[in-house]
Amino acid sequence: MENTTIKKQTIFSGIQPSGQLCIGNYLGALLNWTKLQDDYNCLYCIVDMHAITVRQNPAELRRRSLDTLALYLAVGLEPEKNIMFIQSHVPAHAELAWVLGCYSMFGELSRMTQFKEKSVSNADNINAGLFTYPVLMAADILLYQADLVPVGQDQKQHIEITRDIATRFNSVYGDTFKTPEPFIPKEGAKIMSLTEPTKKMSKSDLSGGSIFLLDDRDTIIRKVKRAVTDSGSEVRYAEGKDGINNLLTIYSCFTGKTIAESEKEFGGVGYGDFKLAVGEATADALARIQSDFKQYLSDKEQLNGILKESSERAAYLARKTLSKVYRKVGFYSL
Ligand code: TRP
C-alpha cells in the first residue's frame, strides 16, 4: 500500500575499514541493509577517522576504504538508494565532533566499555581519539538527524551516549538534534567465532575463527572443518552446542533453509560431513559476492564517481545541521 504522506525514516550506520569484512558482518548487518534500502533513507559511512584511533598501515587503510565500498555494492546496496561515503570526505563530521566534545563529559566518556577495553588491548597507545571516539560517532549520527542506527550489541552504549549528548544540547539550545534509537533488526543473525563459539565473529580475528568475505573456497572449507564443536554427534540446535548452533545458523542463512529443515537434512549425518556441507554452502554464496566485488573493483572510475556523488549528498545534509549548531552556540557567521 502506498502512503506518500509518511516521510521515510533515516538510517545511519558506520563500518570501520580496519580489517576485512567477515560473514558475521554480512549476515548480521549488510544483508539486512539491502532489505532496508527501499523503505528508508540510508546512509552508510566508511569511518576511516574512527579507524585511526588505533594504528593503521596507511596503504592498507586506503585500499580497504575502497574495498569496503566495492563490497557494499557487491552485496547489493544500490548507490541510487543509499548514500555510501567515506567519513573523511565530509568535513562536517570532524567539525561537529569538536562542538559536541564541549558538551560531552569526561566522566561519561571514561565509563565507556569499549574505551576501557581498548585501553587494555592498546596499552601503548591510549590516545585522545580513542577517548573521544564516541563523540565523533555521535557527530556521525546527529549530523543526519538519523532516526535509527543499526548496530551490534557492543555499540549500544555508544548510541546511549549519543542520545545523552543530543538531549543535553537540545535542553540548552532548544530542539536541534533528533535523538536516535538503536535498531536491532529481528532477522539479523548473530554469527559466532568458529574457534570460540561463545564469542562474536570478528573482522579482526586472524587466527581462523572468522570467515572473511574474500576468503577463497579452500580456506573457507578448511576453516569450517576446524570449527570447534562439542563431543556429541548429533546435528541439532540445542543449548550447550554453541559450535553446532553456529554452523546451523550459517548454513541456514546461506541456503535459505530454516534451522529445522537443516537439522532434518543432517539427521544421522556425522559432524565431518555436516561441516563440509556448511563450508561448501558458504563458499558458493561468497563466490557470487566475490565475482561482483572484483568487477566493481576493476572500475575505479565508477567507484570514485559513487564516492564523489555520495559525499556531496551527505555534505549537503550535514551542512544544514552544522549551520544550525554553529548559529545556536553563537559562532559569528558572514
Ligand atoms: N563504532 C562503530 C563500530 O565500531 C562504527 C561507527 C562509527 C558507527 N560511527 C558510527 C556505527 C555511527 C553506527 C553509527 O562498529
# chains A, B, ... in the order shown; residues from 1 in each chain; ligands from 1
$ closest_atom_pairs --of "chain A" --to "ligand 1" --cutoff "9 Å" --atoms "only C-alpha atoms and all ligand atoms" --output "tab-separated table"
residue	atom	partner	partner_atom_place_in_ligand_line	distance
A:Ile11	CA	ligand 1	14 (C)	9.0
A:Phe12	CA	ligand 1	14 (C)	5.7
A:Ser13	CA	ligand 1	13 (C)	3.8
A:Gly14	CA	ligand 1	8 (C)	3.7
A:Ile15	CA	ligand 1	5 (C)	4.8
A:Gln16	CA	ligand 1	5 (C)	5.7
A:Tyr44	CA	ligand 1	14 (C)	8.4
A:Cys45	CA	ligand 1	9 (N)	7.3
A:Ile46	CA	ligand 1	7 (C)	8.0
A:Val47	CA	ligand 1	7 (C)	5.7
A:Asp48	CA	ligand 1	7 (C)	8.9
A:Met49	CA	ligand 1	7 (C)	8.7
A:His50	CA	ligand 1	7 (C)	6.4
A:Ala51	CA	ligand 1	4 (O)	8.5
A:Gln87	CA	ligand 1	9 (N)	8.8
A:Tyr133	CA	ligand 1	1 (N)	7.8
A:Pro134	CA	ligand 1	1 (N)	7.4
A:Leu136	CA	ligand 1	9 (N)	7.1
A:Met137	CA	ligand 1	9 (N)	4.2
A:Ala138	CA	ligand 1	12 (C)	6.9
A:Ala139	CA	ligand 1	12 (C)	8.2
A:Asp140	CA	ligand 1	12 (C)	5.5
A:Ile141	CA	ligand 1	12 (C)	5.5
A:Val149	CA	ligand 1	13 (C)	5.8
A:Pro150	CA	ligand 1	13 (C)	6.5
A:Val151	CA	ligand 1	13 (C)	5.8
A:Gly152	CA	ligand 1	15 (O)	7.3
A:Asp154	CA	ligand 1	15 (O)	7.8
A:Gln155	CA	ligand 1	1 (N)	6.2
A:His158	CA	ligand 1	1 (N)	7.5
A:Ile159	CA	ligand 1	14 (C)	7.8
A:Pro182	CA	ligand 1	13 (C)	8.9
$ write_last_selection --atoms "N, CA, C and O atoms" --output "short mmCIF file (atom, residue, chain, number, x, y, z; two decimals), in the first residue's frame"
data_model
loop_
_atom_site.label_atom_id
_atom_site.label_comp_id
_atom_site.auth_asym_id
_atom_site.auth_seq_id
_atom_site.Cartn_x
_atom_site.Cartn_y
_atom_site.Cartn_z
N ILE A 11 18.20 6.17 8.30
CA ILE A 11 19.06 5.18 8.95
C ILE A 11 20.51 5.57 8.71
O ILE A 11 20.89 5.94 7.60
N PHE A 12 21.30 5.53 9.76
CA PHE A 12 22.73 5.79 9.60
C PHE A 12 23.51 4.66 10.26
O PHE A 12 23.20 4.25 11.38
N SER A 13 24.51 4.16 9.55
CA SER A 13 25.41 3.24 10.22
C SER A 13 26.81 3.40 9.67
O SER A 13 27.01 3.95 8.59
N GLY A 14 27.76 2.95 10.45
CA GLY A 14 29.16 3.09 10.04
C GLY A 14 29.90 1.79 10.21
O GLY A 14 29.56 0.98 11.07
N ILE A 15 30.89 1.61 9.36
CA ILE A 15 31.75 0.43 9.47
C ILE A 15 33.19 0.90 9.33
O ILE A 15 33.50 1.73 8.47
N GLN A 16 34.06 0.40 10.20
CA GLN A 16 35.47 0.79 10.11
C GLN A 16 36.18 0.01 9.02
O GLN A 16 36.05 -1.21 8.96
N TYR A 44 25.40 4.97 4.74
CA TYR A 44 26.38 4.03 5.25
C TYR A 44 27.76 4.62 5.09
O TYR A 44 28.20 4.91 3.99
N CYS A 45 28.39 4.83 6.23
CA CYS A 45 29.63 5.59 6.25
C CYS A 45 30.82 4.67 6.51
O CYS A 45 30.77 3.81 7.40
N ILE A 46 31.85 4.86 5.73
CA ILE A 46 33.08 4.10 5.93
C ILE A 46 33.95 4.97 6.84
O ILE A 46 34.47 6.01 6.42
N VAL A 47 34.02 4.59 8.11
CA VAL A 47 34.55 5.52 9.12
C VAL A 47 36.07 5.41 9.27
O VAL A 47 36.58 4.87 10.24
N ASP A 48 36.76 6.00 8.31
CA ASP A 48 38.23 5.97 8.35
C ASP A 48 38.80 6.81 9.50
O ASP A 48 39.88 6.51 10.01
N MET A 49 38.06 7.84 9.90
CA MET A 49 38.56 8.67 11.02
C MET A 49 38.49 7.91 12.34
O MET A 49 39.34 8.09 13.21
N HIS A 50 37.49 7.08 12.49
CA HIS A 50 37.45 6.22 13.67
C HIS A 50 38.59 5.20 13.63
O HIS A 50 39.16 4.84 14.65
N ALA A 51 38.87 4.73 12.42
CA ALA A 51 39.87 3.66 12.29
C ALA A 51 41.24 4.08 12.82
O ALA A 51 41.97 3.26 13.39
N GLN A 87 33.96 8.83 5.57
CA GLN A 87 33.81 9.84 6.63
C GLN A 87 34.73 11.05 6.41
O GLN A 87 34.29 12.20 6.53
N TYR A 133 36.31 8.92 20.81
CA TYR A 133 35.68 8.10 19.77
C TYR A 133 34.14 8.23 19.77
O TYR A 133 33.53 8.46 18.73
N PRO A 134 33.50 8.09 20.95
CA PRO A 134 32.03 8.16 20.93
C PRO A 134 31.48 9.54 20.54
O PRO A 134 30.36 9.64 20.06
N LEU A 136 32.79 11.51 18.18
CA LEU A 136 32.79 11.51 16.71
C LEU A 136 31.63 10.66 16.19
O LEU A 136 30.97 11.01 15.22
N MET A 137 31.39 9.57 16.88
CA MET A 137 30.27 8.71 16.48
C MET A 137 28.93 9.44 16.66
O MET A 137 28.04 9.35 15.82
N ALA A 138 28.83 10.19 17.74
CA ALA A 138 27.61 10.98 17.96
C ALA A 138 27.46 12.00 16.83
O ALA A 138 26.36 12.21 16.30
N ALA A 139 28.57 12.62 16.43
CA ALA A 139 28.52 13.59 15.34
C ALA A 139 28.04 12.92 14.05
O ALA A 139 27.18 13.45 13.34
N ASP A 140 28.58 11.73 13.75
CA ASP A 140 28.17 10.98 12.55
C ASP A 140 26.64 10.88 12.48
O ASP A 140 26.02 11.15 11.46
N ILE A 141 26.11 10.46 13.60
CA ILE A 141 24.68 10.13 13.65
C ILE A 141 23.80 11.37 13.67
O ILE A 141 22.83 11.49 12.93
N VAL A 149 19.69 3.60 14.14
CA VAL A 149 21.09 3.26 13.93
C VAL A 149 21.27 1.75 14.11
O VAL A 149 21.25 1.24 15.23
N PRO A 150 21.39 1.01 13.00
CA PRO A 150 21.61 -0.42 13.14
C PRO A 150 23.02 -0.69 13.65
O PRO A 150 23.99 -0.29 13.02
N VAL A 151 23.10 -1.31 14.79
CA VAL A 151 24.41 -1.64 15.37
C VAL A 151 24.32 -2.96 16.11
O VAL A 151 23.23 -3.40 16.46
N GLY A 152 25.46 -3.54 16.37
CA GLY A 152 25.50 -4.72 17.21
C GLY A 152 25.41 -4.32 18.68
O GLY A 152 25.53 -3.13 19.03
N ASP A 154 27.47 -4.52 21.00
CA ASP A 154 28.65 -3.86 21.56
C ASP A 154 28.65 -2.35 21.34
O ASP A 154 29.41 -1.63 21.97
N GLN A 155 27.81 -1.87 20.43
CA GLN A 155 27.79 -0.43 20.15
C GLN A 155 26.60 0.28 20.79
O GLN A 155 26.44 1.49 20.64
N HIS A 158 27.29 3.28 22.90
CA HIS A 158 27.62 4.48 22.14
C HIS A 158 26.38 5.20 21.61
O HIS A 158 26.39 6.42 21.43
N ILE A 159 25.35 4.45 21.35
CA ILE A 159 24.08 5.08 20.94
C ILE A 159 23.46 5.78 22.14
O ILE A 159 22.91 6.87 22.03
N PRO A 182 18.68 2.82 18.77
CA PRO A 182 19.40 1.69 18.19
C PRO A 182 18.40 0.82 17.43
O PRO A 182 17.23 0.77 17.79
#
$ residues_around --residues "A:Tyr237" --least-positions-apart "2" --cutoff "12 Å" --atoms "only C-alpha atoms" --output "MDAnalysis selection string"
chainID A and resid 229:230 233:235 239:249 252 258:264 266:267
$ atom_distance --atom1 "atom CA of A:Ser207" --atom2 "atom CA of A:Gln20"
13.2 Å
$ residues_around --residues "A:Leu30" --least-positions-apart "4" --cutoff "10 Å" --atoms "only C-alpha atoms" --output "PDB file with all heavy atoms, in the first residue's frame"
ATOM      1  N   LEU A  21      35.964  -7.467   6.035  1.00  0.00           N
ATOM      2  CA  LEU A  21      34.616  -7.818   6.471  1.00  0.00           C
ATOM      3  C   LEU A  21      34.484  -9.340   6.502  1.00  0.00           C
ATOM      4  O   LEU A  21      35.016 -10.044   5.650  1.00  0.00           O
ATOM      5  CB  LEU A  21      33.585  -7.214   5.527  1.00  0.00           C
ATOM      6  CG  LEU A  21      33.508  -5.684   5.555  1.00  0.00           C
ATOM      7  CD1 LEU A  21      32.492  -5.174   4.538  1.00  0.00           C
ATOM      8  CD2 LEU A  21      33.131  -5.201   6.954  1.00  0.00           C
ATOM      9  N   ILE A  23      31.840 -12.933   7.462  1.00  0.00           N
ATOM     10  CA  ILE A  23      30.442 -13.336   7.259  1.00  0.00           C
ATOM     11  C   ILE A  23      29.563 -12.887   8.424  1.00  0.00           C
ATOM     12  O   ILE A  23      28.352 -12.773   8.282  1.00  0.00           O
ATOM     13  CB  ILE A  23      30.279 -14.855   7.003  1.00  0.00           C
ATOM     14  CG1 ILE A  23      30.798 -15.677   8.178  1.00  0.00           C
ATOM     15  CG2 ILE A  23      30.953 -15.263   5.706  1.00  0.00           C
ATOM     16  CD1 ILE A  23      30.388 -17.156   8.093  1.00  0.00           C
ATOM     17  N   GLY A  24      30.183 -12.600   9.572  1.00  0.00           N
ATOM     18  CA  GLY A  24      29.421 -12.030  10.691  1.00  0.00           C
ATOM     19  C   GLY A  24      28.885 -10.651  10.322  1.00  0.00           C
ATOM     20  O   GLY A  24      27.728 -10.332  10.578  1.00  0.00           O
ATOM     21  N   ASN A  25      29.726  -9.837   9.686  1.00  0.00           N
ATOM     22  CA  ASN A  25      29.279  -8.519   9.230  1.00  0.00           C
ATOM     23  C   ASN A  25      28.200  -8.659   8.153  1.00  0.00           C
ATOM     24  O   ASN A  25      27.233  -7.909   8.107  1.00  0.00           O
ATOM     25  CB  ASN A  25      30.436  -7.713   8.605  1.00  0.00           C
ATOM     26  CG  ASN A  25      31.583  -7.479   9.570  1.00  0.00           C
ATOM     27  OD1 ASN A  25      32.688  -7.941   9.345  1.00  0.00           O
ATOM     28  ND2 ASN A  25      31.314  -6.793  10.664  1.00  0.00           N
ATOM     29  N   TYR A  26      28.418  -9.648   7.289  1.00  0.00           N
ATOM     30  CA  TYR A  26      27.482  -9.824   6.170  1.00  0.00           C
ATOM     31  C   TYR A  26      26.114 -10.299   6.659  1.00  0.00           C
ATOM     32  O   TYR A  26      25.093  -9.671   6.392  1.00  0.00           O
ATOM     33  CB  TYR A  26      28.072 -10.800   5.144  1.00  0.00           C
ATOM     34  CG  TYR A  26      27.128 -11.124   4.016  1.00  0.00           C
ATOM     35  CD1 TYR A  26      26.649 -10.129   3.173  1.00  0.00           C
ATOM     36  CD2 TYR A  26      26.703 -12.434   3.795  1.00  0.00           C
ATOM     37  CE1 TYR A  26      25.772 -10.420   2.136  1.00  0.00           C
ATOM     38  CE2 TYR A  26      25.831 -12.740   2.757  1.00  0.00           C
ATOM     39  CZ  TYR A  26      25.364 -11.723   1.937  1.00  0.00           C
ATOM     40  OH  TYR A  26      24.493 -12.026   0.924  1.00  0.00           O
ATOM     41  N   THR A  34      20.506  -4.416   2.858  1.00  0.00           N
ATOM     42  CA  THR A  34      19.960  -4.494   1.495  1.00  0.00           C
ATOM     43  C   THR A  34      18.431  -4.573   1.529  1.00  0.00           C
ATOM     44  O   THR A  34      17.775  -4.186   0.574  1.00  0.00           O
ATOM     45  CB  THR A  34      20.497  -5.720   0.718  1.00  0.00           C
ATOM     46  OG1 THR A  34      20.052  -6.918   1.384  1.00  0.00           O
ATOM     47  CG2 THR A  34      22.017  -5.724   0.639  1.00  0.00           C
ATOM     48  N   LYS A  35      17.894  -5.065   2.647  1.00  0.00           N
ATOM     49  CA  LYS A  35      16.436  -5.170   2.737  1.00  0.00           C
ATOM     50  C   LYS A  35      15.791  -3.862   3.171  1.00  0.00           C
ATOM     51  O   LYS A  35      14.574  -3.712   3.128  1.00  0.00           O
ATOM     52  CB  LYS A  35      16.055  -6.282   3.722  1.00  0.00           C
ATOM     53  CG  LYS A  35      16.494  -7.642   3.244  1.00  0.00           C
ATOM     54  CD  LYS A  35      16.196  -8.710   4.291  1.00  0.00           C
ATOM     55  CE  LYS A  35      16.882 -10.019   3.940  1.00  0.00           C
ATOM     56  NZ  LYS A  35      17.158 -10.814   5.149  1.00  0.00           N
ATOM     57  N   LEU A  36      16.604  -2.932   3.647  1.00  0.00           N
ATOM     58  CA  LEU A  36      16.061  -1.668   4.149  1.00  0.00           C
ATOM     59  C   LEU A  36      16.055  -0.582   3.085  1.00  0.00           C
ATOM     60  O   LEU A  36      15.453   0.469   3.249  1.00  0.00           O
ATOM     61  CB  LEU A  36      16.905  -1.172   5.333  1.00  0.00           C
ATOM     62  CG  LEU A  36      17.061  -2.117   6.522  1.00  0.00           C
ATOM     63  CD1 LEU A  36      18.089  -1.565   7.514  1.00  0.00           C
ATOM     64  CD2 LEU A  36      15.725  -2.311   7.220  1.00  0.00           C
ATOM     65  N   LEU A  71      32.568  -3.855  -1.734  1.00  0.00           N
ATOM     66  CA  LEU A  71      31.812  -4.936  -1.095  1.00  0.00           C
ATOM     67  C   LEU A  71      30.359  -4.539  -0.839  1.00  0.00           C
ATOM     68  O   LEU A  71      29.449  -5.342  -1.016  1.00  0.00           O
ATOM     69  CB  LEU A  71      32.470  -5.353   0.218  1.00  0.00           C
ATOM     70  CG  LEU A  71      33.518  -6.462   0.083  1.00  0.00           C
ATOM     71  CD1 LEU A  71      34.241  -6.677   1.398  1.00  0.00           C
ATOM     72  CD2 LEU A  71      32.888  -7.778  -0.380  1.00  0.00           C
ATOM     73  N   TYR A  72      30.161  -3.299  -0.434  1.00  0.00           N
ATOM     74  CA  TYR A  72      28.783  -2.811  -0.253  1.00  0.00           C
ATOM     75  C   TYR A  72      27.998  -3.019  -1.542  1.00  0.00           C
ATOM     76  O   TYR A  72      26.870  -3.503  -1.547  1.00  0.00           O
ATOM     77  CB  TYR A  72      28.772  -1.312   0.071  1.00  0.00           C
ATOM     78  CG  TYR A  72      29.092  -0.908   1.491  1.00  0.00           C
ATOM     79  CD1 TYR A  72      29.086   0.436   1.864  1.00  0.00           C
ATOM     80  CD2 TYR A  72      29.368  -1.846   2.473  1.00  0.00           C
ATOM     81  CE1 TYR A  72      29.370   0.839   3.157  1.00  0.00           C
ATOM     82  CE2 TYR A  72      29.647  -1.452   3.764  1.00  0.00           C
ATOM     83  CZ  TYR A  72      29.652  -0.100   4.106  1.00  0.00           C
ATOM     84  OH  TYR A  72      29.917   0.295   5.380  1.00  0.00           O
ATOM     85  N   VAL A  75      27.318  -6.762  -2.360  1.00  0.00           N
ATOM     86  CA  VAL A  75      26.249  -7.448  -1.618  1.00  0.00           C
ATOM     87  C   VAL A  75      24.870  -6.922  -2.003  1.00  0.00           C
ATOM     88  O   VAL A  75      23.866  -7.440  -1.536  1.00  0.00           O
ATOM     89  CB  VAL A  75      26.415  -7.359  -0.073  1.00  0.00           C
ATOM     90  CG1 VAL A  75      27.743  -7.960   0.367  1.00  0.00           C
ATOM     91  CG2 VAL A  75      26.253  -5.937   0.426  1.00  0.00           C
ATOM     92  N   GLY A  76      24.847  -5.902  -2.841  1.00  0.00           N
ATOM     93  CA  GLY A  76      23.548  -5.467  -3.361  1.00  0.00           C
ATOM     94  C   GLY A  76      23.044  -4.125  -2.859  1.00  0.00           C
ATOM     95  O   GLY A  76      21.861  -3.811  -3.029  1.00  0.00           O
ATOM     96  N   LEU A  77      23.904  -3.342  -2.239  1.00  0.00           N
ATOM     97  CA  LEU A  77      23.476  -1.997  -1.851  1.00  0.00           C
ATOM     98  C   LEU A  77      23.591  -1.097  -3.080  1.00  0.00           C
ATOM     99  O   LEU A  77      24.666  -0.982  -3.670  1.00  0.00           O
ATOM    100  CB  LEU A  77      24.352  -1.467  -0.707  1.00  0.00           C
ATOM    101  CG  LEU A  77      24.156  -2.146   0.645  1.00  0.00           C
ATOM    102  CD1 LEU A  77      25.246  -1.721   1.620  1.00  0.00           C
ATOM    103  CD2 LEU A  77      22.782  -1.807   1.221  1.00  0.00           C
ATOM    104  N   GLY A 188      18.415 -10.236  11.864  1.00  0.00           N
ATOM    105  CA  GLY A 188      19.875 -10.259  11.843  1.00  0.00           C
ATOM    106  C   GLY A 188      20.431 -11.457  12.590  1.00  0.00           C
ATOM    107  O   GLY A 188      20.145 -11.652  13.771  1.00  0.00           O
TER     108      GLY A 188
END
$ residues_around --residues "A:Asn41" --least-positions-apart "4" --cutoff "9 Å" --atoms "only C-alpha atoms" --output "list in words"
Lys8, Gln9, Thr10, Ile11, Phe12, Leu36, Gln37, Lys81, Asn82 and Ile83 of chain A
$ select_by_dssp --residues "stretch 110-250 of chain A" --states "strand (DSSP E)" --output "ChimeraX atom specification"
/A:148-150,181-183
$ write_last_selection --atoms "all heavy atoms" --output "PDB file, in the first residue's frame"
ATOM      1  N   LEU A 148      17.203   5.930  13.167  1.00  0.00           N
ATOM      2  CA  LEU A 148      17.585   4.582  13.572  1.00  0.00           C
ATOM      3  C   LEU A 148      19.042   4.304  13.234  1.00  0.00           C
ATOM      4  O   LEU A 148      19.528   4.701  12.173  1.00  0.00           O
ATOM      5  CB  LEU A 148      16.710   3.556  12.834  1.00  0.00           C
ATOM      6  CG  LEU A 148      15.206   3.692  13.041  1.00  0.00           C
ATOM      7  CD1 LEU A 148      14.455   2.822  12.040  1.00  0.00           C
ATOM      8  CD2 LEU A 148      14.835   3.296  14.469  1.00  0.00           C
ATOM      9  N   VAL A 149      19.690   3.597  14.142  1.00  0.00           N
ATOM     10  CA  VAL A 149      21.094   3.256  13.928  1.00  0.00           C
ATOM     11  C   VAL A 149      21.266   1.748  14.105  1.00  0.00           C
ATOM     12  O   VAL A 149      21.245   1.243  15.230  1.00  0.00           O
ATOM     13  CB  VAL A 149      22.002   4.008  14.928  1.00  0.00           C
ATOM     14  CG1 VAL A 149      23.467   3.727  14.630  1.00  0.00           C
ATOM     15  CG2 VAL A 149      21.735   5.502  14.889  1.00  0.00           C
ATOM     16  N   PRO A 150      21.392   1.013  13.001  1.00  0.00           N
ATOM     17  CA  PRO A 150      21.605  -0.424  13.141  1.00  0.00           C
ATOM     18  C   PRO A 150      23.018  -0.694  13.647  1.00  0.00           C
ATOM     19  O   PRO A 150      23.986  -0.294  13.016  1.00  0.00           O
ATOM     20  CB  PRO A 150      21.451  -0.974  11.710  1.00  0.00           C
ATOM     21  CG  PRO A 150      21.181   0.191  10.822  1.00  0.00           C
ATOM     22  CD  PRO A 150      21.383   1.439  11.603  1.00  0.00           C
ATOM     23  N   GLU A 181      17.465   6.050  17.838  1.00  0.00           N
ATOM     24  CA  GLU A 181      17.246   4.770  18.528  1.00  0.00           C
ATOM     25  C   GLU A 181      18.189   3.727  17.941  1.00  0.00           C
ATOM     26  O   GLU A 181      18.405   3.715  16.729  1.00  0.00           O
ATOM     27  CB  GLU A 181      15.826   4.244  18.248  1.00  0.00           C
ATOM     28  CG  GLU A 181      14.701   5.180  18.602  1.00  0.00           C
ATOM     29  CD  GLU A 181      14.358   5.119  20.075  1.00  0.00           C
ATOM     30  OE1 GLU A 181      14.820   4.164  20.747  1.00  0.00           O
ATOM     31  OE2 GLU A 181      13.652   6.017  20.543  1.00  0.00           O
ATOM     32  N   PRO A 182      18.681   2.822  18.766  1.00  0.00           N
ATOM     33  CA  PRO A 182      19.404   1.689  18.186  1.00  0.00           C
ATOM     34  C   PRO A 182      18.403   0.817  17.434  1.00  0.00           C
ATOM     35  O   PRO A 182      17.226   0.772  17.791  1.00  0.00           O
ATOM     36  CB  PRO A 182      19.969   0.947  19.394  1.00  0.00           C
ATOM     37  CG  PRO A 182      19.154   1.385  20.553  1.00  0.00           C
ATOM     38  CD  PRO A 182      18.583   2.738  20.221  1.00  0.00           C
ATOM     39  N   PHE A 183      18.846   0.171  16.410  1.00  0.00           N
ATOM     40  CA  PHE A 183      17.952  -0.616  15.569  1.00  0.00           C
ATOM     41  C   PHE A 183      18.564  -1.996  15.416  1.00  0.00           C
ATOM     42  O   PHE A 183      19.591  -2.168  14.774  1.00  0.00           O
ATOM     43  CB  PHE A 183      17.839   0.096  14.216  1.00  0.00           C
ATOM     44  CG  PHE A 183      16.902  -0.553  13.229  1.00  0.00           C
ATOM     45  CD1 PHE A 183      15.593  -0.849  13.575  1.00  0.00           C
ATOM     46  CD2 PHE A 183      17.323  -0.826  11.934  1.00  0.00           C
ATOM     47  CE1 PHE A 183      14.722  -1.410  12.653  1.00  0.00           C
ATOM     48  CE2 PHE A 183      16.456  -1.395  11.008  1.00  0.00           C
ATOM     49  CZ  PHE A 183      15.160  -1.682  11.365  1.00  0.00           C
TER      50      PHE A 183
END
$ atom_distance --atom1 "atom CA of A:Gly208" --atom2 "atom CA of A:Leu194"
7.3 Å
$ select_by_dssp --residues "stretch 137-298 of chain A" --states "helix (DSSP H, G or I)" --output "PyMOL selection string"
chain A and resi 137-143+153-173+217-225+242-255+259-265+271-297
$ residues_around --residues "stretch 114-117 of chain A" --least-positions-apart "2" --cutoff "7 Å" --atoms "only C-alpha atoms" --output "list in words"
Met112, Ser119, Val120, Ser121, Leu130 and Phe131 of chain A
$ residues_around --residues "stretch 304-314 of chain A" --least-positions-apart "2" --cutoff "9 Å" --atoms "only C-alpha atoms" --output "count of residues only"
21
$ closest_residue --among "A:Ala238, A:Val269, A:Leu73, A:Cys22" --to "A:Asp292" --atoms "only C-alpha atoms"
A:Leu73
$ residues_around --residues "A:Cys102" --least-positions-apart "2" --cutoff "12 Å" --atoms "only C-alpha atoms" --output "JSON, numbers by chain"
{"A": [95, 96, 97, 98, 99, 100, 104, 105, 106, 132, 135, 136, 165, 168, 169, 329]}
$ write_last_selection --atoms "N, CA and C atoms" --output "compact mmCIF listing (two decimals), in the first residue's frame"
# COMPACT_ATOMS: atom_id res chain seq x y z
N GLU A 95 34.00 18.65 12.30
CA GLU A 95 33.58 19.95 12.82
C GLU A 95 32.53 19.81 13.92
N LEU A 96 31.54 18.97 13.67
CA LEU A 96 30.51 18.79 14.70
C LEU A 96 31.09 18.06 15.91
N ALA A 97 32.01 17.14 15.65
CA ALA A 97 32.61 16.40 16.77
C ALA A 97 33.28 17.38 17.74
N TRP A 98 33.93 18.41 17.22
CA TRP A 98 34.56 19.37 18.13
C TRP A 98 33.51 20.03 19.04
N VAL A 99 32.45 20.49 18.41
CA VAL A 99 31.41 21.16 19.21
C VAL A 99 30.82 20.20 20.23
N LEU A 100 30.47 19.00 19.79
CA LEU A 100 29.85 18.05 20.71
C LEU A 100 30.80 17.66 21.83
N SER A 104 30.24 16.99 26.04
CA SER A 104 30.40 15.60 26.48
C SER A 104 31.28 15.64 27.72
N MET A 105 30.96 14.84 28.68
CA MET A 105 31.65 14.93 29.96
C MET A 105 32.78 13.91 30.07
N PHE A 106 33.85 14.35 30.68
CA PHE A 106 34.99 13.46 30.92
C PHE A 106 34.52 12.18 31.61
N THR A 132 37.75 10.07 22.76
CA THR A 132 36.63 10.86 22.22
C THR A 132 35.93 10.15 21.05
N VAL A 135 32.29 10.58 20.73
CA VAL A 135 31.84 11.93 20.37
C VAL A 135 31.78 12.04 18.84
N LEU A 136 32.79 11.51 18.18
CA LEU A 136 32.79 11.51 16.71
C LEU A 136 31.63 10.66 16.19
N ILE A 165 24.07 13.09 24.70
CA ILE A 165 24.68 14.33 24.21
C ILE A 165 23.63 15.17 23.47
N ARG A 168 21.22 16.69 25.96
CA ARG A 168 21.88 17.77 26.69
C ARG A 168 21.94 19.03 25.83
N PHE A 169 22.35 18.88 24.60
CA PHE A 169 22.45 20.02 23.70
C PHE A 169 21.06 20.64 23.48
N VAL A 329 25.18 27.92 19.03
CA VAL A 329 26.21 28.10 20.06
C VAL A 329 26.80 29.51 20.04
$ closest_residue --among "A:Ala315, A:Leu334, A:Val228, A:Ile211" --to "A:Ala92" --atoms "only C-alpha atoms"
A:Ala315
$ atom_distance --atom1 "atom CA of A:Leu27" --atom2 "atom CA of A:Ile191"
7.4 Å
